[in-house]
Every structure is written in C-alpha cells, then in structure tokens.
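Engineer: Have a look at this one before I ask anything.
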Amino acid sequence: MKFNYKNFSCDTEIYYKDNDIIVRFFDSAKEQEEADIINLVIVDPGYGYLCLKYKGDAALLSGLLNEDVFSSDEHIDAAISFVENLSPTSKNTYTPYHIARIKQTSFIEYNGEY
C-alpha cells in the first residue's frame, strides 16, 4: 500500500495485532532481496513508523518519522490520518498522540565485511 501526500509517495508495511496497528514508511526500491544479503549490505531504515495502540475505549498514537521526509506538521497530519483510516474503530475513539520528528546524526552497523 502506498502513502501519498502532495508530490510525495512511499511504500508502507502494515502490521496488525488485535486492534493495534504499526505502519512502517519506506522506499521499496532501497530494500534488499534475499540474494542481495551477502558480504557488504547497507540496510536502509526507512522513513519511520507510527503505532496505533488501543487501551480500552481510547487509543494512543506514537512513533518516529524522519524530519528530512516528514518536514511539515501537515505531512505528519497526513500520516496520522493514513494510520487512523486503517482502523475501523478510530473515528469514534479519543486518540492523543506524540510523534517524534527525528534527524539521523549517526548510525551503527554490521554489514558482513567486518
């Protein structure tokens, strides 16, 4: 399934557990196939994720989104709406949220070479 906002589009993976939903935002062109996982591999972390978790009659929405991609509040609002529209019960549910807009400053990796 694709997430679209204005001129931006990306792939999503959607994971369900009971009523809870996790959505991962990423570019499928940067994903490796199994045959590619040899020697030097650079794993792309994607653009972030959002998690909608139900607690009784309410829900909580949280997550991390890359600020280089999700650069405006409107873009994040579109991602929130995307996730809420995946849930049949979200329209009548009180759902506070906390979304962290993050910027990559460094990383650690093991890539098979060292």
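As shown in the structure tokens, the chain order sets the letters A, B, ...; within each chain, residues go from 1, and ligands are also counted from 1 in the order they appear.
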So which residues touch stretch 58-71 of chain A within 6 Å, counting only C-alpha atoms, skipping near sequence neighbours fewer than 4 positions away, as a list in words?

Structural biologist: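 Counting only C-alpha atoms, the residues come to Tyr47, Gly48, Tyr49, Leu50, Cys51, Leu52, Lys53, Tyr54, His75, Thr93, Tyr94, Thr95, Pro96, Tyr97, His98, Ile99, Ala100, Arg101, Ile102 and Lys103 of chain A.
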
Engineer: Would you mind listing what lies within 8 Å of stretch 78-88 of chain A as a list of chain:residue names, with only C-alpha atoms counted and same-chain residues fewer than 3 positions away left out?

Structural biologist: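 What passes the distance filter is A:Phe3, A:Tyr5, A:Asn19, A:Ile21, A:Val23, A:Leu50, A:Leu52, A:Glu74, A:His75, A:Lys91.
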
Engineer: Next, the residues of the selection above should be written as an mmCIF file, in the first residue's frame with all heavy atoms.

Structural biologist:
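Just written: selection-v5.cif:
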data_model
loop_
_atom_site.group_PDB
_atom_site.id
_atom_site.type_symbol
_atom_site.label_atom_id
_atom_site.label_comp_id
_atom_site.auth_asym_id
_atom_site.auth_seq_id
_atom_site.Cartn_x
_atom_site.Cartn_y
_atom_site.Cartn_z
ATOM 1 N N PHE A 3 1.574 5.366 0.689
ATOM 2 C CA PHE A 3 1.188 6.584 1.396
ATOM 3 C C PHE A 3 1.486 7.740 0.456
ATOM 4 O O PHE A 3 2.586 7.819 -0.102
ATOM 5 C CB PHE A 3 1.988 6.735 2.695
ATOM 6 C CG PHE A 3 1.884 8.108 3.302
ATOM 7 C CD1 PHE A 3 0.710 8.532 3.888
ATOM 8 C CD2 PHE A 3 2.956 8.984 3.259
ATOM 9 C CE1 PHE A 3 0.604 9.798 4.439
ATOM 10 C CE2 PHE A 3 2.872 10.246 3.805
ATOM 11 C CZ PHE A 3 1.690 10.651 4.394
ATOM 12 N N TYR A 5 1.189 12.051 -0.119
ATOM 13 C CA TYR A 5 0.931 13.397 0.393
ATOM 14 C C TYR A 5 1.529 14.382 -0.594
ATOM 15 O O TYR A 5 2.751 14.371 -0.828
ATOM 16 C CB TYR A 5 1.548 13.590 1.780
ATOM 17 C CG TYR A 5 1.418 15.002 2.276
ATOM 18 C CD1 TYR A 5 0.190 15.492 2.690
ATOM 19 C CD2 TYR A 5 2.506 15.856 2.293
ATOM 20 C CE1 TYR A 5 0.054 16.797 3.129
ATOM 21 C CE2 TYR A 5 2.384 17.159 2.735
ATOM 22 C CZ TYR A 5 1.152 17.626 3.149
ATOM 23 O OH TYR A 5 1.016 18.922 3.572
ATOM 24 N N ASN A 19 -6.510 -5.119 17.625
ATOM 25 C CA ASN A 19 -6.917 -3.847 17.018
ATOM 26 C C ASN A 19 -5.745 -2.894 16.786
ATOM 27 O O ASN A 19 -5.906 -1.853 16.158
ATOM 28 C CB ASN A 19 -7.964 -3.138 17.886
ATOM 29 C CG ASN A 19 -9.295 -3.850 17.861
ATOM 30 O OD1 ASN A 19 -9.652 -4.488 16.863
ATOM 31 N ND2 ASN A 19 -10.033 -3.769 18.953
ATOM 32 N N ILE A 21 -2.186 -1.319 15.408
ATOM 33 C CA ILE A 21 -1.617 -1.233 14.061
ATOM 34 C C ILE A 21 -0.248 -0.557 14.134
ATOM 35 O O ILE A 21 -0.087 0.459 14.816
ATOM 36 C CB ILE A 21 -2.513 -0.392 13.132
ATOM 37 C CG1 ILE A 21 -3.912 -1.002 13.042
ATOM 38 C CG2 ILE A 21 -1.894 -0.256 11.752
ATOM 39 C CD1 ILE A 21 -4.919 -0.102 12.344
ATOM 40 N N VAL A 23 2.542 0.957 11.317
ATOM 41 C CA VAL A 23 2.790 1.251 9.903
ATOM 42 C C VAL A 23 4.230 1.712 9.750
ATOM 43 O O VAL A 23 4.660 2.653 10.425
ATOM 44 C CB VAL A 23 1.832 2.326 9.365
ATOM 45 C CG1 VAL A 23 2.141 2.654 7.917
ATOM 46 C CG2 VAL A 23 0.388 1.878 9.512
ATOM 47 N N LEU A 50 4.649 4.573 12.627
ATOM 48 C CA LEU A 50 3.635 5.032 13.570
ATOM 49 C C LEU A 50 2.943 3.806 14.149
ATOM 50 O O LEU A 50 2.732 2.813 13.449
ATOM 51 C CB LEU A 50 2.600 5.931 12.889
ATOM 52 C CG LEU A 50 3.108 7.274 12.392
ATOM 53 C CD1 LEU A 50 1.981 8.049 11.710
ATOM 54 C CD2 LEU A 50 3.690 8.100 13.527
ATOM 55 N N LEU A 52 -0.474 2.679 16.389
ATOM 56 C CA LEU A 52 -1.779 2.981 16.974
ATOM 57 C C LEU A 52 -2.121 1.843 17.924
ATOM 58 O O LEU A 52 -2.261 0.688 17.506
ATOM 59 C CB LEU A 52 -2.830 3.095 15.872
ATOM 60 C CG LEU A 52 -4.262 3.396 16.307
ATOM 61 C CD1 LEU A 52 -4.344 4.759 16.999
ATOM 62 C CD2 LEU A 52 -5.195 3.344 15.104
ATOM 63 N N GLU A 74 1.757 19.400 8.498
ATOM 64 C CA GLU A 74 0.712 18.911 7.606
ATOM 65 C C GLU A 74 1.051 17.526 7.052
ATOM 66 O O GLU A 74 0.173 16.679 6.888
ATOM 67 C CB GLU A 74 0.476 19.900 6.457
ATOM 68 C CG GLU A 74 -0.099 21.229 6.892
ATOM 69 C CD GLU A 74 0.936 22.189 7.490
ATOM 70 O OE1 GLU A 74 2.161 21.972 7.300
ATOM 71 O OE2 GLU A 74 0.521 23.144 8.168
ATOM 72 N N HIS A 75 2.335 17.297 6.750
ATOM 73 C CA HIS A 75 2.773 15.992 6.250
ATOM 74 C C HIS A 75 2.579 14.925 7.331
ATOM 75 O O HIS A 75 2.124 13.807 7.048
ATOM 76 C CB HIS A 75 4.238 16.084 5.825
ATOM 77 C CG HIS A 75 4.670 15.019 4.887
ATOM 78 N ND1 HIS A 75 5.790 15.126 4.129
ATOM 79 C CD2 HIS A 75 4.162 13.798 4.575
ATOM 80 C CE1 HIS A 75 5.953 14.040 3.394
ATOM 81 N NE2 HIS A 75 4.977 13.212 3.654
ATOM 82 N N LYS A 91 -12.473 6.354 14.305
ATOM 83 C CA LYS A 91 -13.275 7.571 14.105
ATOM 84 C C LYS A 91 -13.992 8.017 15.372
ATOM 85 O O LYS A 91 -14.182 9.196 15.594
ATOM 86 C CB LYS A 91 -14.266 7.368 12.975
ATOM 87 C CG LYS A 91 -13.590 7.181 11.639
ATOM 88 C CD LYS A 91 -14.551 7.321 10.504
ATOM 89 C CE LYS A 91 -13.984 6.960 9.167
ATOM 90 N NZ LYS A 91 -12.663 7.330 8.856
#

Engineer: Can you pull out every residue from chain A that DSSP, working from the backbone, puts in helix (DSSP H, G or I), and format the result as an NGL selection string?

Structural biologist: :A and (28-30 or 34-36 or 73-85 or 90-92)

Engineer: Please save N, CA, C and O atoms of the selected residues as a tab-separated table (two decimals), in the first residue's frame.

Structural biologist:
chain	number	residue	atom	x	y	z
A	28	SER	N	10.58	1.06	-1.22
A	28	SER	CA	10.84	-0.36	-1.54
A	28	SER	C	12.00	-0.53	-2.50
A	28	SER	O	12.61	-1.60	-2.55
A	29	ALA	N	12.35	0.50	-3.24
A	29	ALA	CA	13.49	0.40	-4.17
A	29	ALA	C	14.81	0.26	-3.41
A	29	ALA	O	15.80	-0.21	-3.97
A	30	LYS	N	14.83	0.64	-2.12
A	30	LYS	CA	16.05	0.53	-1.32
A	30	LYS	C	16.11	-0.75	-0.49
A	30	LYS	O	17.05	-0.96	0.26
A	34	GLU	N	16.64	-11.33	-0.83
A	34	GLU	CA	17.43	-12.30	-0.08
A	34	GLU	C	18.78	-12.57	-0.74
A	34	GLU	O	19.81	-12.67	-0.07
A	35	ALA	N	18.79	-12.65	-2.06
A	35	ALA	CA	20.05	-12.92	-2.78
A	35	ALA	C	21.07	-11.80	-2.62
A	35	ALA	O	22.26	-12.01	-2.80
A	36	ASP	N	20.60	-10.60	-2.26
A	36	ASP	CA	21.49	-9.45	-2.08
A	36	ASP	C	22.18	-9.46	-0.72
A	36	ASP	O	23.11	-8.68	-0.50
A	73	ASP	N	4.20	19.90	9.66
A	73	ASP	CA	3.14	19.36	10.50
A	73	ASP	C	2.02	18.78	9.64
A	73	ASP	O	1.41	17.77	10.01
A	74	GLU	N	1.76	19.40	8.50
A	74	GLU	CA	0.71	18.91	7.61
A	74	GLU	C	1.05	17.53	7.05
A	74	GLU	O	0.17	16.68	6.89
A	75	HIS	N	2.34	17.30	6.75
A	75	HIS	CA	2.77	15.99	6.25
A	75	HIS	C	2.58	14.93	7.33
A	75	HIS	O	2.12	13.81	7.05
A	76	ILE	N	2.90	15.26	8.57
A	76	ILE	CA	2.69	14.34	9.68
A	76	ILE	C	1.20	14.12	9.93
A	76	ILE	O	0.77	12.99	10.17
A	77	ASP	N	0.39	15.17	9.82
A	77	ASP	CA	-1.06	15.02	9.96
A	77	ASP	C	-1.61	14.05	8.92
A	77	ASP	O	-2.49	13.25	9.21
A	78	ALA	N	-1.07	14.12	7.70
A	78	ALA	CA	-1.50	13.20	6.64
A	78	ALA	C	-1.13	11.76	7.00
A	78	ALA	O	-1.92	10.83	6.76
A	79	ALA	N	0.06	11.55	7.59
A	79	ALA	CA	0.47	10.20	8.02
A	79	ALA	C	-0.42	9.70	9.15
A	79	ALA	O	-0.81	8.53	9.17
A	80	ILE	N	-0.78	10.58	10.08
A	80	ILE	CA	-1.68	10.20	11.17
A	80	ILE	C	-3.03	9.78	10.61
A	80	ILE	O	-3.59	8.74	10.98
A	81	SER	N	-3.57	10.56	9.69
A	81	SER	CA	-4.85	10.22	9.06
A	81	SER	C	-4.77	8.89	8.32
A	81	SER	O	-5.72	8.09	8.36
A	82	PHE	N	-3.65	8.65	7.65
A	82	PHE	CA	-3.44	7.39	6.94
A	82	PHE	C	-3.58	6.21	7.89
A	82	PHE	O	-4.28	5.24	7.62
A	83	VAL	N	-2.91	6.31	9.05
A	83	VAL	CA	-2.96	5.22	10.03
A	83	VAL	C	-4.36	5.09	10.62
A	83	VAL	O	-4.90	3.99	10.73
A	84	GLU	N	-4.96	6.20	10.99
A	84	GLU	CA	-6.30	6.15	11.60
A	84	GLU	C	-7.33	5.58	10.63
A	84	GLU	O	-8.25	4.86	11.05
A	85	ASN	N	-7.18	5.84	9.34
A	85	ASN	CA	-8.12	5.30	8.35
A	85	ASN	C	-7.99	3.80	8.17
A	85	ASN	O	-8.89	3.16	7.62
A	90	SER	N	-11.28	3.86	14.82
A	90	SER	CA	-10.58	5.09	15.21
A	90	SER	C	-11.44	6.35	15.11
A	90	SER	O	-11.18	7.32	15.80
A	91	LYS	N	-12.47	6.35	14.31
A	91	LYS	CA	-13.27	7.57	14.10
A	91	LYS	C	-13.99	8.02	15.37
A	91	LYS	O	-14.18	9.20	15.59
A	92	ASN	N	-14.38	7.08	16.21
A	92	ASN	CA	-15.11	7.42	17.44
A	92	ASN	C	-14.27	7.20	18.69
A	92	ASN	O	-14.82	7.02	19.77

Engineer: Quick check for you: according to DSSP on this backbone, which residues of chain A are classed as strand (DSSP E or B)? Reply as a short mmCIF file (atom, residue, chain, number, x, y, z; two decimals) with C-alpha atoms, in the first residue's frame.

Structural biologist:
data_model
loop_
_atom_site.label_atom_id
_atom_site.label_comp_id
_atom_site.auth_asym_id
_atom_site.auth_seq_id
_atom_site.Cartn_x
_atom_site.Cartn_y
_atom_site.Cartn_z
CA LYS A 2 1.27 3.50 -0.81
CA PHE A 3 1.19 6.58 1.40
CA ASN A 4 0.69 9.77 -0.65
CA TYR A 5 0.93 13.40 0.39
CA PHE A 8 5.48 12.62 -2.07
CA SER A 9 4.74 8.91 -2.21
CA CYS A 10 6.27 6.00 -0.31
CA ASP A 11 5.62 2.37 0.41
CA THR A 12 4.17 1.12 3.67
CA GLU A 13 4.13 -2.14 5.55
CA ILE A 14 1.19 -2.60 7.88
CA TYR A 15 1.29 -4.92 10.88
CA TYR A 16 -1.81 -5.82 12.90
CA LYS A 17 -2.13 -7.34 16.37
CA ASP A 20 -3.41 -2.36 17.23
CA ILE A 21 -1.62 -1.23 14.06
CA ILE A 22 2.01 -0.43 13.22
CA VAL A 23 2.79 1.25 9.90
CA ARG A 24 6.34 1.41 8.55
CA PHE A 25 7.06 4.08 5.90
CA PHE A 26 9.87 3.28 3.44
CA GLY A 48 9.93 5.87 10.24
CA TYR A 49 6.87 4.26 11.75
CA LEU A 50 3.63 5.03 13.57
CA CYS A 51 1.95 2.79 16.13
CA LEU A 52 -1.78 2.98 16.97
CA LYS A 53 -2.41 1.13 20.25
CA TYR A 54 -5.86 0.70 21.80
CA LYS A 55 -6.36 1.00 25.55
CA ALA A 58 -9.27 5.11 23.94
CA ALA A 59 -6.16 4.77 21.82
CA LEU A 60 -2.61 6.12 21.76
CA LEU A 61 -0.71 7.02 18.60
CA SER A 62 3.07 7.32 18.73
CA GLY A 63 6.07 6.94 16.51
CA LEU A 64 9.19 8.30 14.91
CA LEU A 65 9.30 9.98 11.49
CA ASN A 66 12.35 11.22 9.58
CA TYR A 94 -10.23 9.52 21.70
CA TYR A 97 -0.63 11.30 20.01
CA HIS A 98 3.07 12.03 20.31
CA ILE A 99 5.09 11.80 17.10
CA ALA A 100 8.83 12.48 17.26
CA ARG A 101 10.31 14.07 14.16
CA ILE A 102 13.87 12.74 14.13
#

Engineer: Taking only C-alpha atoms into account, which of A:Pro45, A:Asp57, A:Thr89, A:Ser72 comes nearest A:Gln104?

Structural biologist: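 Comparing A:Pro45, A:Asp57, A:Thr89, A:Ser72 against A:Gln104, the winner is A:Pro45.
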
Engineer: What separation in Å, quoted to one decimal, exists between atom CA of A:Asp27 and atom CA of A:Thr105?

Structural biologist: 20.0 Å
